[in-house]
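Scroll down for the structure; my scribbles are underneath it.
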Amino acid sequence: MSFSQIFKIGQRWIWIPCLLILWSLFARFVHLGTWPFPSPWLIFQKWWWLFRNGSLLKDIGASLFHVGYGFSISALIAISLGILMGWNKKVFDYLNPFLNLIRPTPPAAWLPLVVFVWGIGLLPGTLLVIYGSFFPILLNTINGVQNVERRFVNAALTLGLGKRQLMWNIVVPAAFPSILVGLRMGFGFAWMVLIIAELIAVQSGLGYMILLSVTTLEPESIIAGMLTIGMVGLGLDQLFRLLVDKYILKWQKGIVI
Amino acid sequence: MIRRGDGMFKLNRGLRTIILFFFLWEVVSLFGLLEAFHIPAPHTVFKTFFFLLVEGIHVGELGEVTMFKMAKDSLYRVCVGFFLALAIGFPVGFWMGWNRTVKAFLENMYTALRPLPPFAWVPLSLFFLGPGNLTSIYVIWIGAFFPISLNTMAAIENVEKKYIHAALTLGLTKNQLIREVIIPSALPGIFTGIRIGLGMAWGLVVAAEIVAVKTGLGALIWRADLVMRPDIILSGIIFIGLIAYGLEQGILYLQGWLMKWQKGLVI
Amino acid sequence: MTLSKAIIRVIRLKKSFSKGERGEPLKVLDGIDLSISEGEFISILGPSGCGKSTFLHILAGLDKQDEGEVYLDDRLITGPGPDHTMIFQDYSLFPWMTVKKNIGLGLKATGVPPEMREAICREHIQLVHLEGFEDHYPHELSGGMKQRVAIARGFALNPRVLFMDEPFGALDAQTRVALQQELIRIFTSTRKTIVFVTHNVSEAVFLSDRIVVCTKRPMKVKTIFRVEIERPRDRFGVSFNEFCKQVAQVLDV
C-alpha cells in the first residue's frame, strides 16, 4: 500500500483518535461544576457493564419496539394518503391547506396534550412518533406521485391502460424512489421524536435510561446511553440506505438520492 | 390556462375543510362526547387564547403569565442558540464543501454524530450545565448545527462547474469568485439548511422547556397540564404553531427578497 | 396506386397555444386535411419545430385540437388507446419493468389471458430480434435495443394504426439505418398502417409510400409525394438520390 493510499484512509478515521485524546484531556483538566467529566475509558467500562448485565439490550429493545410500532403505523397512513392526495386533485385541494396548518407545529408541543389525555406510557409515545414521522413521508409520497413523468403516463395511456391499472402499474412504481426517500427521512424524525418522548412521557427505553442516570448521578451511563442511541440510530439509517440502494439500483442506475 | 377564479376556488375547498373541522369539534364537544378525553370545545380554547394574549392567566407556579411574556423567553433562547449554530455551522459547512481534504477529515465524524438526536444531549446537559438557559441553548445549537452545515456543504459542492470556469476565464480572483459566484449559486441550498435548522431549533426549545426550564412556551403548556387546564395547553399549541409558521414564512420571504433574480426558477 | 379505403381522415385540424407574456396565441396547426389509406406507410416531413409532433399527438389522442376532427375507421378519435398506439422518440420504456413485462403491459391491460400474452410477447421479441433479453431491464440495453422493445410493444397490440414520433431521432447514424431496415422488414410482413414523423429526408424517402411535406410553423400541408421506388430501396442509388433532392427542395428550412 502506497503512502498516499494510507494517507487517504487515515484522513477518514483520524477523527476517532483525535476525539479520544481531546476527550481524555478534557476529562482530566476541565472541571464542569463539582463532578468530573468521565473519561473515555470509564465510559467504555460502564457501557460494557450495562451490556453484560442485559439492561442495555432491554432498553434498546424497548426503544426499537416503540419506534417500529409508531413508524409502521405512520408509514401506512402517510403513504396511502399521499398516493390519494398526489393522484386526486380534489382530495389534495381539500386536505392540503388543513394539513399545512398543522405541519409546522413541532411534535414536542403536542406532548403535554397527549399526556393530559392519555397519561404517561406507551400510547402517548407512539402517538408522538406517528406525528413526528408522518409529514416527511406524506410530503415525499405526494411529491413522487405528482411528479411522475408525463411521458410514462402518455405511453401507458397509448397502450390502453385504464385509470386503475395506470395507478398501480405506473404511478406507484414511478413514485417509489420518492416514497423511499420520505421513509428514510421519516424514520430519522421518528427516532428523534422517540427520544424526546422517552425523556418526558415514556417509562422505558434508552431515553428514559439516560434521564434516570441523571438522578442516580451516573454521568458515565448517560454518555454510554447516548452513544448507544447514536449507534442504533446510525445502524437503522444505514439499513434504510441499503434498502434504497438495493431497490433503486435494480432498475434505475445512476439516479442519486 | 388559468381560469379566472381558479385560485379562489381552490382556497374555498381547503377553507371548507378547516371550517368543517372546527364545526365538528364544536358539535361533538357540545354533545359532551369529548368529556371522557377532557378536551375542551373550540370556543373555550379561543376564549382562553384571547385571555392569554391580552390579560394573562395565573398558571400554578408560573404566576401570572401572558403569551407574549412566555414567547419572548422561548424566542430569546432560539435566537442565541440558532445564531451560534449559524456562526459555527456556516463556516464549517462552507469549508467542507470547498475543500475536499477537510471534508474527508470531517465527513465520517458527521455520519457518526448526525443520527444522535439533539434532544439526547439534554440529560448530559442537565447534569453538567444544570437546568436553565444554558441547557436549552446548547441543545438548540446542536440541533441546528447539523442541518445548517450539511446543507451549506452540499450547496457549495453542487455549484455548477461551468459557472466557476466561466468566472475564472473572466479573470476573477478567488475572493471575487466566492462572493460573486459561489455564494449566490449556493444560496438556495444554504437557505434550505437555515429553514430546517430554524424549524429544529424551535421544536427543540419547546421540548427543552418542558424538561429543563421554568419559563417559555414549552414550560407554559407543561404547567398547564399539571394544573389541569387543557384549554391553556391547546392555546399554547396554537401559538407555538403560529410562531413556527411565521418563522418558516419569514425565512422564505427573506430568501425570495435576497434572490430576486431567481423568480420563476424551481427551487 | 392504392385503392384501399381511408383508415384515417383528418379534417380541417387547427391548434393554437396560448403562450407568451403578451398572451398572443401561437398558431401551430393551420388547417390540416389528410387522408391516410389502410396498409400504407406515410411520413410527415417538416423542419424542426413546425408542429408535426403536436399533430401526431393529436392524432394519437394525447393532445386536443382546437378545431377540426380526426376519424379512425369513421369513429372520432377522442383519446389515447391501444388500437391507435404511439411509439415515442425517448422510447418511454418503464424502467421498473423487464423487457417482457414492458411488451406485455398493453396486453395485460386489455385483458388478454396469460398464455396468449406469453405467446404474443415471445413472437414480438423474435420479431425485433431481441431473443435472450426478455428479463433484462431497460437501463441494461443500448438505445437501439430500447427502441426495438418500444416497437415490439407497439406492434404487440395489433393496432389499427401505429404512430411513430421521430423514433430514431435519439440514435446514432448507424443504429438508425439498421433500425430503418428492421422497420421496413416488419412493415412488409405485417402491412400495418404507419404514420411516421421525421425531419430527415432520406429516412422519409427510404421508408414511406407517401411523404407529406409540411411548412414551418404554422403548419400546413405543402406537398404530398408518392414514392414509387420499389422496395428494398437502395440508399445509394441514383433514383433514390434524385427523389431526395426533389423532396429537399420543397422543404422549408
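All residue names refer to the C-alpha cells as shown: chains lettered A, B, ... in order, residues numbered from 1 in each chain, ligands numbered from 1 in order.
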
- Message: Near chain A, meaning an atom within 7 Å, which residues of chain C appear when counting only C-alpha atoms? Write them as a list in words.
- Response: Leu62, Pro80, Gly81, Pro82, Thr85, Met86, Ser92, Phe94, Pro95, Trp96, Gly106, Ala109, Thr110, Tyr137 and His139 of chain C

Atoms kept (C-alpha atoms) for selection, written as a PDB file, in the first residue's frame:
```
ATOM      1  CA  LEU C  62     -52.731  12.529 -26.392  1.00  0.00           C
ATOM      2  CA  PRO C  80     -55.342   7.558 -26.486  1.00  0.00           C
ATOM      3  CA  GLY C  81     -55.786   3.837 -26.836  1.00  0.00           C
ATOM      4  CA  PRO C  82     -54.240   0.587 -27.954  1.00  0.00           C
ATOM      5  CA  THR C  85     -50.944   3.449 -30.218  1.00  0.00           C
ATOM      6  CA  MET C  86     -47.797   5.565 -30.402  1.00  0.00           C
ATOM      7  CA  SER C  92     -40.690   5.731 -22.757  1.00  0.00           C
ATOM      8  CA  PHE C  94     -40.923   1.692 -17.990  1.00  0.00           C
ATOM      9  CA  PRO C  95     -37.609   1.353 -16.141  1.00  0.00           C
ATOM     10  CA  TRP C  96     -39.060  -0.788 -13.359  1.00  0.00           C
ATOM     11  CA  GLY C 106     -50.709  -3.259 -23.013  1.00  0.00           C
ATOM     12  CA  ALA C 109     -54.320  -4.003 -19.578  1.00  0.00           C
ATOM     13  CA  THR C 110     -56.762  -5.061 -22.259  1.00  0.00           C
ATOM     14  CA  TYR C 137     -34.193  -4.068 -17.580  1.00  0.00           C
ATOM     15  CA  HIS C 139     -31.164   0.548 -18.407  1.00  0.00           C
TER      16      HIS C 139
END
```

Find the nearest atom pair between each residue of chain B and chain A for residues within 8 Å, count only C-alpha atoms, give distances in Å to one decimal, sort rows by chain and ascending number, and present the table as a tab-separated table.
```
residue	atom	partner	partner_atom	distance
B:Lys10	CA	A:Asp93	CA	6.0
B:Leu11	CA	A:Asp93	CA	7.8
B:Arg13	CA	A:Tyr94	CA	5.0
B:Gly14	CA	A:Tyr94	CA	4.5
B:Leu15	CA	A:Pro97	CA	7.3
B:Arg16	CA	A:Tyr94	CA	7.5
B:Thr17	CA	A:Tyr94	CA	6.0
B:Ile18	CA	A:Phe98	CA	5.7
B:Phe37	CA	A:Val117	CA	5.6
B:His38	CA	A:Val117	CA	6.5
B:Ile39	CA	A:Val117	CA	7.7
B:Thr101	CA	A:Gln11	CA	7.8
B:Ala104	CA	A:Arg12	CA	5.4
B:Phe105	CA	A:Gln11	CA	5.1
B:Leu106	CA	A:Trp15	CA	7.1
B:Glu107	CA	A:Arg12	CA	7.2
B:Asn108	CA	A:Arg12	CA	6.2
B:Met109	CA	A:Trp15	CA	6.6
B:Thr111	CA	A:Leu234	CA	7.8
B:Ala112	CA	A:Leu234	CA	6.8
B:Leu113	CA	A:Gly230	CA	6.8
B:Arg114	CA	A:Gly230	CA	7.9
B:Pro115	CA	A:Gly233	CA	5.2
B:Leu116	CA	A:Gly230	CA	4.2
B:Pro117	CA	A:Met192	CA	5.0
B:Pro118	CA	A:Met192	CA	7.6
B:Phe119	CA	A:Ile196	CA	6.2
B:Ala120	CA	A:Met226	CA	6.3
B:Trp121	CA	A:Met226	CA	7.5
B:Pro123	CA	A:Leu211	CA	5.5
B:Leu124	CA	A:Ile222	CA	6.3
B:Leu126	CA	A:Val214	CA	7.7
B:Phe127	CA	A:Val214	CA	6.1
B:Phe128	CA	A:Leu32	CA	6.0
B:Leu129	CA	A:Leu32	CA	7.5
B:Gly199	CA	A:Pro104	CA	7.9
B:Trp202	CA	A:Pro106	CA	7.5
B:Gly203	CA	A:Pro106	CA	4.8
B:Leu204	CA	A:Ala108	CA	7.6
B:Val206	CA	A:Ala108	CA	6.4
B:Ala207	CA	A:Ala108	CA	5.1
B:Val211	CA	A:Ile200	CA	7.0
B:Gly218	CA	A:Ala109	CA	6.9
B:Ile221	CA	A:Pro112	CA	6.3
B:Trp222	CA	A:Pro112	CA	5.4
B:Asp225	CA	A:Phe116	CA	5.9
B:Met228	CA	A:Phe116	CA	7.7
B:Pro230	CA	A:Leu113	CA	6.9
B:Ile233	CA	A:Leu113	CA	6.3
B:Leu234	CA	A:Leu113	CA	7.3
B:Ile237	CA	A:Ala109	CA	5.8
B:Ile238	CA	A:Thr105	CA	8.0
B:Ile240	CA	A:Thr105	CA	6.5
B:Gly241	CA	A:Thr105	CA	4.2
B:Leu242	CA	A:Thr105	CA	7.7
B:Ala244	CA	A:Pro104	CA	5.5
B:Tyr245	CA	A:Pro104	CA	5.6
```

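Around C:Lys216, within 10 Å and counting only C-alpha atoms, the residues found are Val28, Leu29, Gly46, Pro47, Ser48, Gly49, Cys50, Gly51, Lys52, Lys222, Leu251, Asp252 and Val253 of chain C, once anything fewer than 6 positions away on its own chain is removed.
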
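Taking atom CA of A:Asn140 as the reference point, atom CA of B:Gly236 is found at 29.1 Å.
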
- What is the distance, in Å and to one decimal place, between atom CA of C:Ile87 and atom CA of C:Asp165? 6.3 Å

- Which residues come within 12 Å of B:Val92, counting only C-alpha atoms, excluding same-chain residues fewer than 5 positions away, as a ChimeraX atom specification? /B:85-87,97-99,102-103,105-107,110,145-154,156

Please write the residues from the selection above to a file, keeping N, CA and C atoms, as a JSON list (two decimals), in the first residue's frame.
```
[["chain", "number", "residue", "atom", "x", "y", "z"],
["B", 85, "ALA", "N", -25.35, 28.44, 16.13],
["B", 85, "ALA", "CA", -25.26, 27.36, 15.15],
["B", 85, "ALA", "C", -24.88, 27.90, 13.79],
["B", 86, "LEU", "N", -25.44, 29.06, 13.45],
["B", 86, "LEU", "CA", -25.14, 29.68, 12.17],
["B", 86, "LEU", "C", -23.67, 30.11, 12.11],
["B", 87, "ALA", "N", -23.22, 30.72, 13.21],
["B", 87, "ALA", "CA", -21.87, 31.24, 13.24],
["B", 87, "ALA", "C", -20.83, 30.13, 13.11],
["B", 97, "GLY", "N", -17.47, 22.04, 2.01],
["B", 97, "GLY", "CA", -17.90, 21.97, 0.62],
["B", 97, "GLY", "C", -16.82, 22.45, -0.32],
["B", 98, "TRP", "N", -15.96, 23.33, 0.18],
["B", 98, "TRP", "CA", -14.97, 23.97, -0.66],
["B", 98, "TRP", "C", -13.71, 23.12, -0.79],
["B", 99, "ASN", "N", -13.32, 22.51, 0.33],
["B", 99, "ASN", "CA", -12.05, 21.81, 0.39],
["B", 99, "ASN", "C", -12.27, 20.31, 0.62],
["B", 102, "VAL", "N", -10.62, 18.69, 3.79],
["B", 102, "VAL", "CA", -11.35, 18.96, 5.03],
["B", 102, "VAL", "C", -12.56, 18.07, 5.13],
["B", 103, "LYS", "N", -13.25, 17.92, 4.01],
["B", 103, "LYS", "CA", -14.45, 17.08, 4.02],
["B", 103, "LYS", "C", -14.08, 15.66, 4.39],
["B", 105, "PHE", "N", -11.69, 14.65, 6.20],
["B", 105, "PHE", "CA", -11.39, 14.56, 7.62],
["B", 105, "PHE", "C", -12.66, 14.50, 8.47],
["B", 106, "LEU", "N", -13.60, 15.35, 8.10],
["B", 106, "LEU", "CA", -14.74, 15.52, 8.99],
["B", 106, "LEU", "C", -15.94, 14.65, 8.64],
["B", 107, "GLU", "N", -15.95, 14.15, 7.41],
["B", 107, "GLU", "CA", -17.17, 13.51, 6.93],
["B", 107, "GLU", "C", -17.63, 12.36, 7.81],
["B", 110, "TYR", "N", -19.18, 13.32, 10.99],
["B", 110, "TYR", "CA", -20.56, 13.75, 10.77],
["B", 110, "TYR", "C", -21.51, 12.58, 10.70],
["B", 145, "PHE", "N", -27.15, 22.98, 14.21],
["B", 145, "PHE", "CA", -25.83, 22.92, 13.60],
["B", 145, "PHE", "C", -25.77, 21.99, 12.40],
["B", 146, "PHE", "N", -26.30, 20.78, 12.57],
["B", 146, "PHE", "CA", -26.16, 19.79, 11.50],
["B", 146, "PHE", "C", -26.90, 20.16, 10.22],
["B", 147, "PRO", "N", -28.17, 20.52, 10.29],
["B", 147, "PRO", "CA", -28.83, 20.90, 9.03],
["B", 147, "PRO", "C", -28.13, 22.06, 8.34],
["B", 148, "ILE", "N", -27.73, 23.07, 9.13],
["B", 148, "ILE", "CA", -27.09, 24.23, 8.51],
["B", 148, "ILE", "C", -25.79, 23.83, 7.83],
["B", 149, "SER", "N", -24.93, 23.14, 8.57],
["B", 149, "SER", "CA", -23.63, 22.83, 7.98],
["B", 149, "SER", "C", -23.74, 21.85, 6.83],
["B", 150, "LEU", "N", -24.58, 20.82, 6.96],
["B", 150, "LEU", "CA", -24.68, 19.84, 5.90],
["B", 150, "LEU", "C", -25.27, 20.43, 4.63],
["B", 151, "ASN", "N", -26.31, 21.23, 4.78],
["B", 151, "ASN", "CA", -26.91, 21.82, 3.60],
["B", 151, "ASN", "C", -25.99, 22.84, 2.94],
["B", 152, "THR", "N", -25.26, 23.58, 3.78],
["B", 152, "THR", "CA", -24.30, 24.53, 3.21],
["B", 152, "THR", "C", -23.23, 23.78, 2.43],
["B", 153, "MET", "N", -22.74, 22.71, 3.04],
["B", 153, "MET", "CA", -21.72, 21.90, 2.36],
["B", 153, "MET", "C", -22.23, 21.40, 1.02],
["B", 154, "ALA", "N", -23.42, 20.84, 1.01],
["B", 154, "ALA", "CA", -23.98, 20.31, -0.23],
["B", 154, "ALA", "C", -24.17, 21.42, -1.25],
["B", 156, "ILE", "N", -22.53, 24.27, -1.55],
["B", 156, "ILE", "CA", -21.25, 24.72, -2.09],
["B", 156, "ILE", "C", -20.70, 23.68, -3.07]]
```

- Excluding C:Arg235 and any residue of its chain fewer than 2 positions from it, enumerate the residues within 10 Å of it, using only C-alpha atoms, and give them as a count of residues only. 12

- helix (DSSP H, G or I) call set, DSSP backbone run, stretch 151-237 of chain B, as JSON, numbers by chain: {"B": [151, 152, 153, 154, 155, 156, 157, 161, 162, 163, 164, 165, 166, 167, 168, 169, 174, 175, 176, 177, 178, 179, 180, 181, 182, 183, 184, 185, 186, 187, 188, 189, 190, 191, 192, 193, 194, 195, 196, 197, 198, 199, 200, 201, 202, 203, 204, 205, 206, 207, 208, 209, 210, 211, 212, 217, 218, 219, 220, 221, 222, 223, 224, 225, 226, 230, 231, 232, 233, 234, 235, 236, 237]}

- If you run DSSP on this backbone, which residues of stretch 42-217 of chain B come out as strand (DSSP E or B), and could you give them as a list in words? Ile57, His58, Glu64 and Val65 of chain B

Residues within 10 Å of C:Leu76, please, as a PDB file with C-alpha atoms, in the first residue's frame. Count only C-alpha atoms; anything in the same chain fewer than 4 positions from it doesn't count.
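Output file out39.pdb is given in full below:
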```pdb
ATOM      1  CA  ILE C   8     -57.709   7.827 -41.067  1.00  0.00           C
ATOM      2  CA  ARG C   9     -59.291  11.063 -42.081  1.00  0.00           C
ATOM      3  CA  VAL C  10     -58.085  14.397 -40.735  1.00  0.00           C
ATOM      4  CA  GLY C  61     -55.385  11.250 -28.773  1.00  0.00           C
ATOM      5  CA  GLU C  69     -61.851  16.275 -36.450  1.00  0.00           C
ATOM      6  CA  VAL C  70     -59.853  13.113 -36.700  1.00  0.00           C
ATOM      7  CA  TYR C  71     -61.556   9.891 -37.700  1.00  0.00           C
ATOM      8  CA  LEU C  72     -60.256   6.388 -37.310  1.00  0.00           C
TER       9      LEU C  72
END
```

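Note that the spacing between atom CA of B:Glu26 and atom CA of B:Arg229 amounts to 17.9 Å.
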
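With distances restricted to only C-alpha atoms, B:Leu187 is the closest residue to B:Trp257 from B:Ile137, B:Leu187, B:Leu198, B:Ala155.
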